[in-house]
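A.B. asks: Coordinates in work-v3.cif, mmCIF, C-alpha atoms, are listed below.
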```cif
data_work
#
loop_
_atom_site.label_atom_id
_atom_site.label_comp_id
_atom_site.auth_asym_id
_atom_site.auth_seq_id
_atom_site.Cartn_x
_atom_site.Cartn_y
_atom_site.Cartn_z
CA MET S 1 13.14 17.25 15.80
CA ASP S 2 16.39 17.46 17.80
CA THR S 3 19.66 18.67 16.30
CA ALA S 4 21.16 15.18 15.89
CA LEU S 5 18.09 13.92 14.02
CA GLU S 6 18.00 17.03 11.86
CA LYS S 7 21.65 16.45 10.88
CA GLU S 8 21.00 12.77 10.15
CA PHE S 9 17.96 13.62 8.02
CA ALA S 10 19.87 16.32 6.14
CA LYS S 11 22.70 13.85 5.48
CA TYR S 12 20.26 11.22 4.23
CA LYS S 13 18.52 13.74 1.96
CA ALA S 14 21.84 14.94 0.55
CA GLU S 15 22.91 11.36 -0.20
CA GLU S 16 19.53 10.62 -1.82
CA GLN S 17 19.80 13.72 -4.02
CA LYS S 18 23.37 12.89 -5.00
CA ALA S 19 22.39 9.33 -5.99
CA TRP S 20 19.47 10.62 -8.07
CA LEU S 21 21.69 13.16 -9.85
CA GLU S 22 24.24 10.48 -10.66
CA ARG S 23 21.53 8.34 -12.27
CA ASN S 24 19.86 11.15 -14.21
CA LEU S 25 22.59 13.69 -15.03
CA MET S 26 22.78 14.32 -18.78
CA GLU S 27 25.24 16.35 -20.83
CA VAL S 28 22.48 18.02 -22.81
CA SER S 29 20.63 21.32 -23.00
CA VAL S 30 17.29 21.66 -21.20
CA ASN S 31 15.83 22.17 -24.69
CA ALA S 32 17.30 18.98 -26.16
CA ASP S 33 15.07 16.64 -28.18
CA PHE S 34 13.72 13.69 -26.24
CA LYS S 35 15.47 11.19 -28.50
CA GLU S 36 18.78 12.96 -27.88
CA ILE S 37 18.21 12.71 -24.13
CA LEU S 38 17.37 9.01 -24.28
CA SER S 39 20.37 8.36 -26.52
CA GLY S 40 22.60 9.65 -23.71
CA LEU S 41 21.45 6.91 -21.35
CA SER S 42 23.45 3.73 -20.90
CA GLU S 43 21.77 0.53 -22.04
CA GLN S 44 21.02 -0.44 -18.42
CA GLU S 45 19.61 3.01 -17.59
CA LEU S 46 17.37 2.90 -20.65
CA PHE S 47 16.07 -0.59 -19.81
CA ASP S 48 15.45 0.45 -16.18
CA LYS S 49 13.17 3.26 -17.36
CA ILE S 50 11.44 1.07 -19.94
CA PHE S 51 10.71 -1.66 -17.39
CA SER S 52 9.40 0.92 -14.89
CA HIS S 53 6.53 1.52 -17.30
CA VAL S 54 3.35 -0.42 -17.89
CA PHE S 55 3.43 -0.66 -21.68
CA GLN S 56 5.20 -3.35 -23.64
CA ILE S 57 8.25 -2.56 -25.75
CA ASP S 58 10.31 -5.13 -27.61
CA PRO S 59 13.80 -4.91 -26.04
CA GLU S 60 15.29 -6.84 -28.96
CA GLN S 61 14.94 -3.86 -31.32
CA GLU S 62 17.93 -1.99 -32.63
CA ASP S 63 18.97 0.89 -30.34
CA GLU S 64 17.63 3.63 -32.61
CA GLU S 65 14.26 1.89 -33.04
CA LEU S 66 14.04 1.15 -29.32
CA ILE S 67 14.66 4.79 -28.39
CA SER S 68 12.22 6.04 -31.02
CA ASP S 69 9.53 3.60 -29.83
CA PHE S 70 10.07 4.54 -26.18
CA ALA S 71 10.01 8.28 -26.86
CA GLN S 72 6.82 7.91 -28.88
CA GLN S 73 5.04 6.01 -26.12
CA LEU S 74 6.30 8.36 -23.39
CA THR S 75 4.80 11.34 -25.20
CA ASN S 76 1.52 9.66 -26.16
CA GLU S 77 -1.12 12.12 -24.92
CA GLN S 78 -3.55 9.49 -23.63
CA PHE S 79 -0.81 7.70 -21.72
CA LEU S 80 0.56 10.97 -20.30
CA LEU S 81 -2.90 11.82 -18.98
CA TRP S 82 -3.15 8.42 -17.31
CA VAL S 83 0.30 8.73 -15.71
CA PHE S 84 -0.11 12.25 -14.36
CA SER S 85 -3.78 11.86 -13.38
CA ALA S 86 -2.71 9.30 -10.80
CA MET S 87 -0.34 11.63 -8.95
CA PRO S 88 -1.24 12.34 -5.31
CA ASP S 89 -2.19 15.88 -4.27
CA GLU S 90 1.22 16.63 -2.74
CA MET S 91 2.85 16.31 -6.18
CA LYS S 92 0.50 18.67 -8.05
CA GLU S 93 2.38 21.82 -7.09
CA ASP S 94 5.57 20.29 -8.48
CA PHE S 95 3.72 19.30 -11.65
CA ASP S 96 2.52 22.87 -12.25
CA LEU S 97 5.99 24.27 -11.54
CA LEU S 98 7.68 21.90 -14.01
CA LEU S 99 5.26 22.88 -16.78
CA LYS S 100 5.76 26.58 -16.07
CA GLU S 101 9.58 26.75 -15.83
CA ASP S 102 12.29 25.70 -18.28
CA TYR S 103 14.08 24.07 -15.34
CA VAL S 104 14.01 24.02 -11.54
CA SER S 105 16.43 23.33 -8.73
CA MET S 106 16.27 20.03 -6.90
CA GLU S 107 15.30 21.87 -3.69
CA GLN S 108 12.10 23.13 -5.36
CA LEU S 109 10.71 19.61 -5.78
CA THR S 110 9.65 16.97 -3.29
CA SER S 111 11.70 13.80 -3.22
CA ARG S 112 8.68 11.79 -4.30
CA SER S 113 8.28 13.87 -7.48
CA TYR S 114 11.81 13.63 -8.80
CA GLN S 115 12.17 9.99 -7.73
CA THR S 116 8.90 8.82 -9.35
CA TRP S 117 8.97 10.89 -12.53
CA GLY S 118 12.69 10.41 -12.93
CA ALA S 119 12.32 6.62 -12.78
CA LEU S 120 9.64 6.82 -15.47
CA GLY S 121 11.80 8.89 -17.78
CA TYR S 122 10.01 12.23 -17.43
CA LEU S 123 12.66 14.16 -15.46
CA TYR S 124 16.39 14.60 -16.03
CA ALA S 125 19.23 16.65 -14.61
CA THR S 126 21.82 18.81 -16.30
CA LYS S 127 23.98 21.83 -15.49
CA VAL S 128 23.06 25.43 -16.21
CA ASP S 129 25.68 28.08 -15.37
CA GLY S 130 27.55 25.50 -13.31
CA LYS S 131 24.54 24.55 -11.19
CA PHE S 132 22.55 21.32 -11.16
CA VAL S 133 18.98 21.74 -12.43
CA ILE S 134 16.07 19.41 -13.19
CA PHE S 135 14.00 19.62 -16.35
CA MET S 136 11.17 17.91 -18.16
CA PRO S 137 11.73 17.11 -21.87
CA LYS S 138 10.06 19.71 -24.06
CA GLU S 139 7.94 17.16 -25.96
CA VAL S 140 6.44 15.89 -22.69
CA LYS S 141 5.87 19.42 -21.46
CA ALA S 142 4.20 20.49 -24.70
CA ALA S 143 1.84 17.51 -24.70
CA LEU S 144 0.82 18.16 -21.10
CA LYS S 145 0.36 21.89 -21.61
CA ASN S 146 -1.91 21.25 -24.58
CA ARG S 147 -3.94 18.55 -22.85
CA ASP S 148 -7.71 18.45 -22.97
CA SER S 149 -8.52 19.90 -19.53
CA GLN S 150 -11.94 18.29 -19.21
CA LEU S 151 -10.63 14.89 -20.31
CA PHE S 152 -7.78 15.21 -17.82
CA GLU S 153 -10.22 15.99 -14.97
CA ASP S 154 -12.40 13.04 -15.96
CA ILE S 155 -9.39 10.71 -15.95
CA CYS S 156 -8.24 12.13 -12.58
CA GLU S 157 -11.66 11.39 -11.09
CA GLN S 158 -11.63 7.87 -12.47
CA SER S 159 -8.10 7.30 -11.16
CA ARG S 160 -9.11 8.42 -7.67
CA LYS S 161 -12.04 6.00 -7.64
CA ILE S 162 -9.98 3.05 -8.85
CA GLU S 163 -7.25 3.88 -6.33
CA THR S 164 -9.82 3.80 -3.53
CA TYR S 165 -10.87 0.29 -4.53
CA MET S 166 -7.28 -0.93 -4.87
CA ALA S 167 -6.20 0.57 -1.52
CA GLY S 168 -9.32 -0.65 0.28
CA LEU S 169 -9.38 -4.18 -1.13
CA VAL S 170 -5.69 -4.85 -0.52
CA GLU S 171 -6.34 -3.95 3.13
CA VAL S 172 -9.19 -6.48 3.20
CA TYR S 173 -7.43 -9.31 1.33
CA GLY S 174 -3.66 -8.80 1.75
CA ILE S 175 -3.23 -10.44 -1.65
CA CYS S 176 -5.87 -10.53 -4.36
CA SER S 177 -6.16 -10.80 -8.10
CA MET S 178 -6.71 -7.68 -10.18
CA GLU S 179 -9.61 -9.59 -11.71
CA GLN S 180 -11.29 -9.56 -8.28
CA VAL S 181 -10.59 -5.83 -7.82
CA GLU S 182 -12.12 -5.07 -11.21
CA LYS S 183 -15.10 -7.35 -10.52
CA ILE S 184 -15.95 -5.52 -7.29
CA TYR S 185 -15.32 -2.11 -8.87
CA ARG S 186 -17.80 -2.88 -11.64
CA LYS S 187 -20.28 -4.21 -9.05
CA TYR S 188 -20.53 -0.79 -7.39
CA GLU S 189 -19.58 1.67 -10.15
CA ASN S 190 -21.25 2.35 -13.48
CA ASP S 191 -18.15 3.63 -15.29
CA GLU S 192 -17.76 2.45 -18.86
CA ILE S 193 -14.13 1.35 -18.75
CA GLY S 194 -13.04 -0.70 -21.73
CA GLU S 195 -11.45 -4.14 -21.51
CA GLY S 196 -7.81 -3.89 -20.47
CA ILE S 197 -8.08 -0.20 -19.57
CA PHE S 198 -8.84 -0.93 -15.90
CA GLU S 199 -5.61 -2.89 -15.55
CA LEU S 200 -3.68 -0.08 -17.23
CA TYR S 201 -5.07 2.40 -14.71
CA ALA S 202 -4.15 -0.02 -11.93
CA LYS S 203 -0.56 -0.43 -13.13
CA VAL S 204 -0.10 3.33 -13.29
CA LEU S 205 -1.54 3.78 -9.79
CA THR S 206 0.95 1.31 -8.31
CA LEU S 207 3.75 3.60 -9.49
CA TYR S 208 2.66 6.20 -6.95
CA ASN S 209 1.62 4.03 -4.02
CA ASP S 210 3.91 2.63 -1.32
CA ASN S 211 1.21 0.52 0.36
CA TYR S 212 0.79 -2.08 -2.37
CA HIS S 213 2.44 -3.50 -5.47
CA MET S 214 1.18 -5.37 -8.50
CA GLU S 215 2.95 -8.54 -9.58
CA ASN S 216 1.80 -11.11 -12.15
CA GLY S 217 -1.75 -9.79 -12.06
CA MET S 218 -1.90 -9.89 -8.26
CA LEU S 219 -2.24 -6.91 -5.91
CA ILE S 220 0.02 -7.43 -2.88
CA HIS S 221 0.07 -5.48 0.39
CA GLU S 222 3.38 -3.85 1.33
CA ALA S 223 3.41 -5.66 4.71
CA ILE S 224 3.50 -9.01 2.88
CA LEU S 225 6.01 -7.80 0.30
CA MET S 226 8.41 -6.91 3.09
CA GLY S 227 8.57 -10.60 4.00
CA GLY S 228 9.83 -11.49 0.54
CA ASP S 229 8.84 -14.33 -1.79
CA GLU S 230 8.56 -16.83 1.08
CA GLU S 231 5.85 -14.82 2.84
CA ILE S 232 3.99 -14.19 -0.43
CA GLU S 233 3.99 -17.91 -1.22
CA GLU S 234 2.90 -18.78 2.33
CA MET S 235 -0.06 -16.37 2.18
CA GLU S 236 -1.09 -17.60 -1.28
CA ALA S 237 -0.98 -21.20 -0.01
CA MET S 238 -3.23 -20.33 2.95
CA GLN S 239 -5.68 -18.51 0.66
CA GLU S 240 -5.79 -21.19 -2.04
CA GLY S 241 -9.28 -22.46 -2.80
CA LYS S 242 -11.02 -20.06 -0.43
CA PRO S 243 -13.73 -17.74 -1.75
CA TYR S 244 -13.29 -13.97 -1.58
CA TYR S 245 -15.31 -12.05 0.97
CA VAL S 246 -17.23 -9.27 -0.80
CA PRO S 247 -17.12 -6.09 1.31
CA THR S 248 -19.68 -3.31 1.01
CA LYS S 249 -18.66 -0.12 -0.75
CA GLU S 250 -18.62 1.64 2.64
CA GLU S 251 -16.20 -0.99 4.01
CA ILE S 252 -13.89 -0.49 1.02
CA VAL S 253 -13.88 3.30 1.33
CA ARG S 254 -13.17 3.11 5.06
CA ALA S 255 -10.34 0.59 4.59
CA ALA S 256 -8.78 2.86 1.95
CA ASP S 257 -8.76 5.82 4.36
CA TYR S 258 -5.46 5.38 6.17
CA SER S 259 -6.25 8.32 8.47
CA ALA S 260 -9.50 6.76 9.75
CA GLU S 261 -9.58 4.86 13.03
CA PRO S 262 -10.23 1.14 12.43
CA ALA S 263 -13.85 0.24 13.16
CA LEU S 264 -14.24 -2.15 16.10
CA THR S 265 -16.36 -5.25 15.63
CA GLN S 266 -19.21 -5.92 18.05
CA GLU S 267 -17.02 -8.51 19.82
CA LEU S 268 -14.11 -6.07 20.22
CA ASN S 269 -16.52 -3.49 21.61
CA THR S 270 -17.68 -6.08 24.16
CA LEU S 271 -14.04 -6.72 25.09
CA LEU S 272 -13.45 -2.97 25.38
CA GLY S 273 -16.44 -2.63 27.68
CA TYR S 274 -15.19 -5.43 29.92
CA ILE S 275 -11.69 -3.99 30.17
CA SER S 276 -13.04 -0.51 30.86
CA GLU S 277 -15.36 -1.71 33.62
CA ASN S 278 -13.13 -4.29 35.30
CA ILE S 279 -9.44 -3.69 34.60
CA VAL S 280 -8.55 -0.07 33.69
CA VAL S 281 -11.49 1.74 35.22
CA ASP S 282 -11.61 5.51 34.59
CA ASP S 283 -8.95 5.38 31.85
CA PRO S 284 -10.84 5.00 28.54
CA GLU S 285 -7.82 5.99 26.44
CA LEU S 286 -5.68 3.21 27.92
CA ALA S 287 -8.51 0.69 27.49
CA MET S 288 -8.83 1.69 23.83
CA ASP S 289 -5.06 1.37 23.30
CA ILE S 290 -5.11 -2.16 24.73
CA VAL S 291 -8.02 -3.25 22.53
CA ASP S 292 -6.43 -1.68 19.43
CA ASP S 293 -3.25 -3.69 20.04
CA ILE S 294 -5.21 -6.88 20.76
CA SER S 295 -7.14 -6.32 17.53
CA LEU S 296 -3.86 -6.09 15.61
CA ALA S 297 -2.58 -9.28 17.25
CA LEU S 298 -5.80 -11.12 16.42
CA SER S 299 -5.58 -10.09 12.77
CA MET S 300 -2.34 -12.08 12.52
CA GLU S 301 -3.05 -15.25 14.51
CA PHE S 302 -4.60 -16.24 17.82
CA HIS S 303 -2.02 -16.77 20.57
CA PRO S 304 -3.04 -16.32 24.23
CA GLU S 305 0.45 -15.02 24.99
CA SER S 306 0.05 -12.12 22.57
CA ILE S 307 -3.28 -11.15 24.19
CA PHE S 308 -2.00 -11.14 27.75
CA HIS S 309 1.24 -9.48 26.69
CA GLU S 310 -0.77 -6.31 26.06
CA PHE S 311 -1.55 -6.20 29.77
CA SER S 312 1.82 -7.35 31.16
CA ARG S 313 3.85 -4.91 29.06
CA ARG S 314 1.79 -2.12 30.58
CA ASN S 315 2.38 -3.54 34.09
CA ILE S 316 -1.31 -4.36 34.48
CA VAL S 317 -1.93 -7.37 36.76
CA LEU S 318 -5.13 -9.33 36.15
CA LYS S 319 -6.65 -9.80 39.62
CA ASP S 320 -8.01 -13.35 39.51
CA ALA S 321 -8.72 -16.48 37.49
CA LYS S 322 -12.20 -15.31 36.57
CA THR S 323 -10.79 -12.15 34.96
CA VAL S 324 -8.18 -14.12 32.98
CA ASN S 325 -10.75 -16.60 31.69
CA ASN S 326 -13.18 -13.83 30.78
CA ILE S 327 -10.47 -12.04 28.79
CA MET S 328 -9.60 -15.33 27.07
CA LYS S 329 -13.22 -16.01 26.12
CA LEU S 330 -13.86 -12.46 24.86
CA ALA S 331 -10.59 -12.48 22.86
CA MET S 332 -11.53 -15.80 21.26
CA ASP S 333 -14.94 -14.44 20.33
CA ALA S 334 -13.24 -11.40 18.81
CA TYR S 335 -10.77 -13.56 16.87
CA ASN S 336 -13.51 -15.77 15.41
CA ASN S 337 -15.16 -12.62 14.06
CA THR S 338 -11.98 -10.94 12.75
CA ARG S 339 -11.49 -10.60 9.00
CA LEU S 340 -8.24 -12.33 8.08
CA TRP S 341 -6.01 -12.08 5.02
CA GLU S 342 -5.43 -15.84 5.07
CA ASN S 343 -9.22 -16.29 4.64
CA ARG S 344 -9.45 -13.73 1.82
CA GLY S 345 -11.28 -11.35 4.10
CA HIS S 346 -13.60 -13.87 5.74
CA THR S 347 -13.69 -14.41 9.50
CA PRO S 348 -12.83 -17.86 10.95
CA LYS S 349 -16.50 -18.23 11.87
CA GLU S 350 -17.60 -17.49 8.29
CA MET S 351 -15.01 -19.87 6.84
CA HIS S 352 -16.20 -22.67 9.09
CA SER S 353 -19.72 -22.18 7.73
CA LEU S 354 -18.57 -21.89 4.10
CA MET S 355 -16.11 -24.81 4.12
CA PRO S 356 -16.85 -27.03 7.14
CA ASN S 357 -15.08 -30.09 5.70
CA ARG S 358 -11.87 -28.29 4.81
CA PHE S 359 -11.61 -25.61 7.46
CA ASN S 360 -9.07 -26.40 10.15
CA ARG S 361 -10.85 -26.14 13.49
CA SER S 362 -7.53 -25.41 15.19
CA HIS S 363 -7.77 -22.00 13.55
CA MET S 364 -11.03 -21.44 15.41
CA PRO S 365 -10.41 -21.68 19.17
CA ALA S 366 -13.27 -22.98 21.28
CA THR S 367 -14.87 -20.10 23.16
CA SER S 368 -15.38 -22.19 26.30
CA GLN S 369 -11.65 -22.84 26.89
CA LYS S 370 -10.46 -22.06 30.43
CA VAL S 371 -6.99 -21.84 31.93
CA GLY S 372 -6.21 -24.50 34.55
CA ARG S 373 -4.37 -23.36 37.69
CA ASN S 374 -1.49 -25.77 37.07
CA GLU S 375 -1.15 -24.91 33.37
CA PRO S 376 1.40 -22.40 32.00
CA CYS S 377 0.13 -18.86 32.41
CA PRO S 378 -1.17 -17.46 29.10
CA CYS S 379 0.69 -14.21 29.72
CA GLY S 380 3.87 -15.97 28.58
CA SER S 381 5.83 -15.59 31.82
CA GLY S 382 6.70 -19.30 31.94
CA LYS S 383 5.25 -19.68 35.43
CA LYS S 384 2.27 -21.79 36.39
CA TYR S 385 -0.97 -19.89 36.15
CA LYS S 386 -1.69 -20.21 39.90
CA LYS S 387 1.67 -18.56 40.70
CA CYS S 388 1.29 -15.79 38.16
CA CYS S 389 -1.93 -14.16 36.89
CA GLY S 390 -4.12 -16.70 38.78
#
```
Do you think you could lay out the structure here as structure tokens?

C.D. replies:
Amino acid sequence: MDTALEKEFAKYKAEEQKAWLERNLMEVSVNADFKEILSGLSEQELFDKIFSHVFQIDPEQEDEELISDFAQQLTNEQFLLWVFSAMPDEMKEDFDLLLKEDYVSMEQLTSRSYQTWGALGYLYATKVDGKFVIFMPKEVKAALKNRDSQLFEDICEQSRKIETYMAGLVEVYGICSMEQVEKIYRKYENDEIGEGIFELYAKVLTLYNDNYHMENGMLIHEAILMGGDEEIEEMEAMQEGKPYYVPTKEEIVRAADYSAEPALTQELNTLLGYISENIVVDDPELAMDIVDDISLALSMEFHPESIFHEFSRRNIVLKDAKTVNNIMKLAMDAYNNTRLWENRGHTPKEMHSLMPNRFNRSHMPATSQKVGRNEPCPCGSGKKYKKCCG
């Protein structure tokens, strides 16, 4: 990282820490009772922490009853085990440190730890000897220190399994109901999870994950969330009435592994072979890069321009009409066998078989289509094909 970037990052981190301190700074001792700590919050700050949680609390209660109810639920041993069992590995060192020490400095914790646990009401800031420190309320700390170790490990294992299904299935569907996630989980796993407990696990897991969010019983991929309500509604409209594809357990586990290379379909492998043998000979890495980018484009929507853009942006000229038409045909074959969010994980080919009367054939390009020499070039240049790639 160069000096300018290091300075920018340091500035951003300092501003983030300052904002967190302003939200969580309390004029209390690190040994203060939990109710005393919560009483020091403004009404808005208290409600923000309450609504960050998954349990239901009546906000119409009197202040004293509301604080007492919230403190009781925050320190409930079973709930604490659920919350902290879902933490990712990179937060475990911070967890152990917070239980061991009366307080720590902000620099000793990762940003993710103080942001997540602070939002939930488990971490606060105060001053000790004129310095800012972070502490965990003693009631929370005591409950966690005295936890049933075996029960905690069992809950951790269950959380990891459920998280795998949530992460994998949201990659397959884009948007799906928690009912569908639970249905598939129970199809492959023999865990005896009581009614309503699965959803509680799921809600807790979303607190730690940036790749998906749960809203009104629906699991939504971060890429769709970034588009706002309009994109969510558009995707739900495209999915409406379509059956869910049921992936194998192996497909789910692979989709949940963000570090794994995406598996190429048979059709994409055929496209890769053609590109390797006819267009970028002796450069397998470049051929793979092109196919990876075409695969991403196909997962969104089929547009010839987006396919040929992957060649033109790399200054690769397709030598003749035969090559262009072969690429078009192979890309169409790949698209028709690509699992799409709008089809709830089904490919266009599968959807046409499942719902032939409803399925829009325009979403399934004919594999025999060729580019005429006087037609616009599919690379998107605006020129006629015969004066461009033809």

A.B. asks: Would you kindly translate the PyMOL selection byres ((chain S and resi 87) around 12) into the concrete residues it picks from this file, as a ChimeraX atom specification?

C.D. replies: /S:80-86,88-95,112-113,116-117,155-157,159-160,163,201,204-209

A.B. asks: As an exercise, work out the distance from atom CA of S:Glu192 to atom CA of S:Phe79 in Å and give it to one decimal place.

C.D. replies: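 Between atom CA of S:Glu192 and atom CA of S:Phe79 the gap is 18.0 Å.
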
A.B. asks: With 5 Å of padding per side, what axis-aligned box (centre and edge lengths, Å, one decimal) covers all the listed atoms of stretch 192-203 of chain S? Give it as JSON.

C.D. replies:
```
{"center_x": -9.2, "center_y": -0.8, "center_z": -16.8, "size_x": 27.2, "size_y": 16.6, "size_z": 19.8}
```

A.B. asks: With a distance cut-off of 12 Å and all atoms listed in the file, select the neighbouring residues of S:Ile232, excluding the residue or stretch itself and same-chain residues fewer than 3 positions from it, and output the selection as an mmCIF file with C-alpha atoms, in the coordinates of the input.

C.D. replies:
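Full text of around06.cif as output:
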```
data_model
loop_
_atom_site.group_PDB
_atom_site.id
_atom_site.type_symbol
_atom_site.label_atom_id
_atom_site.label_comp_id
_atom_site.auth_asym_id
_atom_site.auth_seq_id
_atom_site.Cartn_x
_atom_site.Cartn_y
_atom_site.Cartn_z
ATOM 1 C CA GLY S 174 -3.660 -8.800 1.750
ATOM 2 C CA ILE S 175 -3.230 -10.440 -1.650
ATOM 3 C CA CYS S 176 -5.870 -10.530 -4.360
ATOM 4 C CA HIS S 213 2.440 -3.500 -5.470
ATOM 5 C CA GLU S 215 2.950 -8.540 -9.580
ATOM 6 C CA MET S 218 -1.900 -9.890 -8.260
ATOM 7 C CA LEU S 219 -2.240 -6.910 -5.910
ATOM 8 C CA ILE S 220 0.020 -7.430 -2.880
ATOM 9 C CA HIS S 221 0.070 -5.480 0.390
ATOM 10 C CA GLU S 222 3.380 -3.850 1.330
ATOM 11 C CA ALA S 223 3.410 -5.660 4.710
ATOM 12 C CA ILE S 224 3.500 -9.010 2.880
ATOM 13 C CA LEU S 225 6.010 -7.800 0.300
ATOM 14 C CA MET S 226 8.410 -6.910 3.090
ATOM 15 C CA GLY S 227 8.570 -10.600 4.000
ATOM 16 C CA GLY S 228 9.830 -11.490 0.540
ATOM 17 C CA ASP S 229 8.840 -14.330 -1.790
ATOM 18 C CA MET S 235 -0.060 -16.370 2.180
ATOM 19 C CA GLU S 236 -1.090 -17.600 -1.280
ATOM 20 C CA ALA S 237 -0.980 -21.200 -0.010
ATOM 21 C CA MET S 238 -3.230 -20.330 2.950
ATOM 22 C CA GLN S 239 -5.680 -18.510 0.660
ATOM 23 C CA TRP S 341 -6.010 -12.080 5.020
ATOM 24 C CA GLU S 342 -5.430 -15.840 5.070
#
```

A.B. asks: What does the PyMOL selection byres ((chain S and resi 21-30) around 6) select in this file, as a PyMOL selection string?

C.D. replies: chain S and resi 18-20+31-32+124-126

A.B. asks: Around the point (9.1, 21.7, -15.4) (coordinates from the file), which residues reach within 10 Å if we count all atoms listed in the file? Answer as a list in words.

C.D. replies: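 It turns out the residues near that spot are Asp94, Phe95, Asp96, Leu97, Leu98, Leu99, Lys100, Glu101, Asp102, Tyr103, Val104, Leu109, Tyr122, Leu123, Ile134, Phe135, Met136, Pro137, Lys138, Val140 and Lys141 of chain S.
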
A.B. asks: Would you kindly place all heavy atoms on stretch 323-328 of chain S and return the model as a JSON list (two decimals), keeping the file's coordinate frame?

C.D. replies:
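Saved the output as out-v6.json:
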```
[["chain", "number", "residue", "atom", "x", "y", "z"],
["S", 323, "THR", "N", -11.12, -13.23, 35.89],
["S", 323, "THR", "CA", -10.79, -12.15, 34.96],
["S", 323, "THR", "C", -10.00, -12.69, 33.77],
["S", 323, "THR", "O", -10.28, -12.36, 32.61],
["S", 323, "THR", "CB", -9.97, -11.06, 35.67],
["S", 323, "THR", "OG1", -10.72, -10.56, 36.77],
["S", 323, "THR", "CG2", -9.65, -9.91, 34.72],
["S", 324, "VAL", "N", -9.00, -13.55, 34.05],
["S", 324, "VAL", "CA", -8.18, -14.12, 32.98],
["S", 324, "VAL", "C", -9.04, -14.92, 32.01],
["S", 324, "VAL", "O", -8.94, -14.78, 30.79],
["S", 324, "VAL", "CB", -7.06, -15.01, 33.56],
["S", 324, "VAL", "CG1", -6.35, -15.78, 32.45],
["S", 324, "VAL", "CG2", -6.05, -14.16, 34.32],
["S", 325, "ASN", "N", -9.91, -15.77, 32.56],
["S", 325, "ASN", "CA", -10.75, -16.60, 31.69],
["S", 325, "ASN", "C", -11.76, -15.77, 30.91],
["S", 325, "ASN", "O", -12.08, -16.10, 29.77],
["S", 325, "ASN", "CB", -11.45, -17.67, 32.53],
["S", 325, "ASN", "CG", -10.52, -18.84, 32.85],
["S", 325, "ASN", "OD1", -9.88, -19.39, 31.97],
["S", 325, "ASN", "ND2", -10.43, -19.19, 34.12],
["S", 326, "ASN", "N", -12.26, -14.70, 31.51],
["S", 326, "ASN", "CA", -13.18, -13.83, 30.78],
["S", 326, "ASN", "C", -12.48, -13.14, 29.61],
["S", 326, "ASN", "O", -13.04, -13.02, 28.52],
["S", 326, "ASN", "CB", -13.78, -12.79, 31.73],
["S", 326, "ASN", "CG", -14.87, -13.36, 32.62],
["S", 326, "ASN", "OD1", -15.44, -14.41, 32.30],
["S", 326, "ASN", "ND2", -15.14, -12.71, 33.74],
["S", 327, "ILE", "N", -11.25, -12.67, 29.87],
["S", 327, "ILE", "CA", -10.47, -12.04, 28.79],
["S", 327, "ILE", "C", -10.23, -13.06, 27.68],
["S", 327, "ILE", "O", -10.37, -12.75, 26.49],
["S", 327, "ILE", "CB", -9.13, -11.50, 29.33],
["S", 327, "ILE", "CG1", -9.35, -10.30, 30.23],
["S", 327, "ILE", "CG2", -8.19, -11.13, 28.17],
["S", 327, "ILE", "CD1", -9.87, -9.06, 29.53],
["S", 328, "MET", "N", -9.86, -14.29, 28.07],
["S", 328, "MET", "CA", -9.60, -15.33, 27.07],
["S", 328, "MET", "C", -10.84, -15.59, 26.21],
["S", 328, "MET", "O", -10.76, -15.65, 24.98],
["S", 328, "MET", "CB", -9.18, -16.62, 27.78],
["S", 328, "MET", "CG", -8.92, -17.78, 26.85],
["S", 328, "MET", "SD", -7.35, -17.62, 25.98],
["S", 328, "MET", "CE", -6.25, -18.25, 27.24]]
```
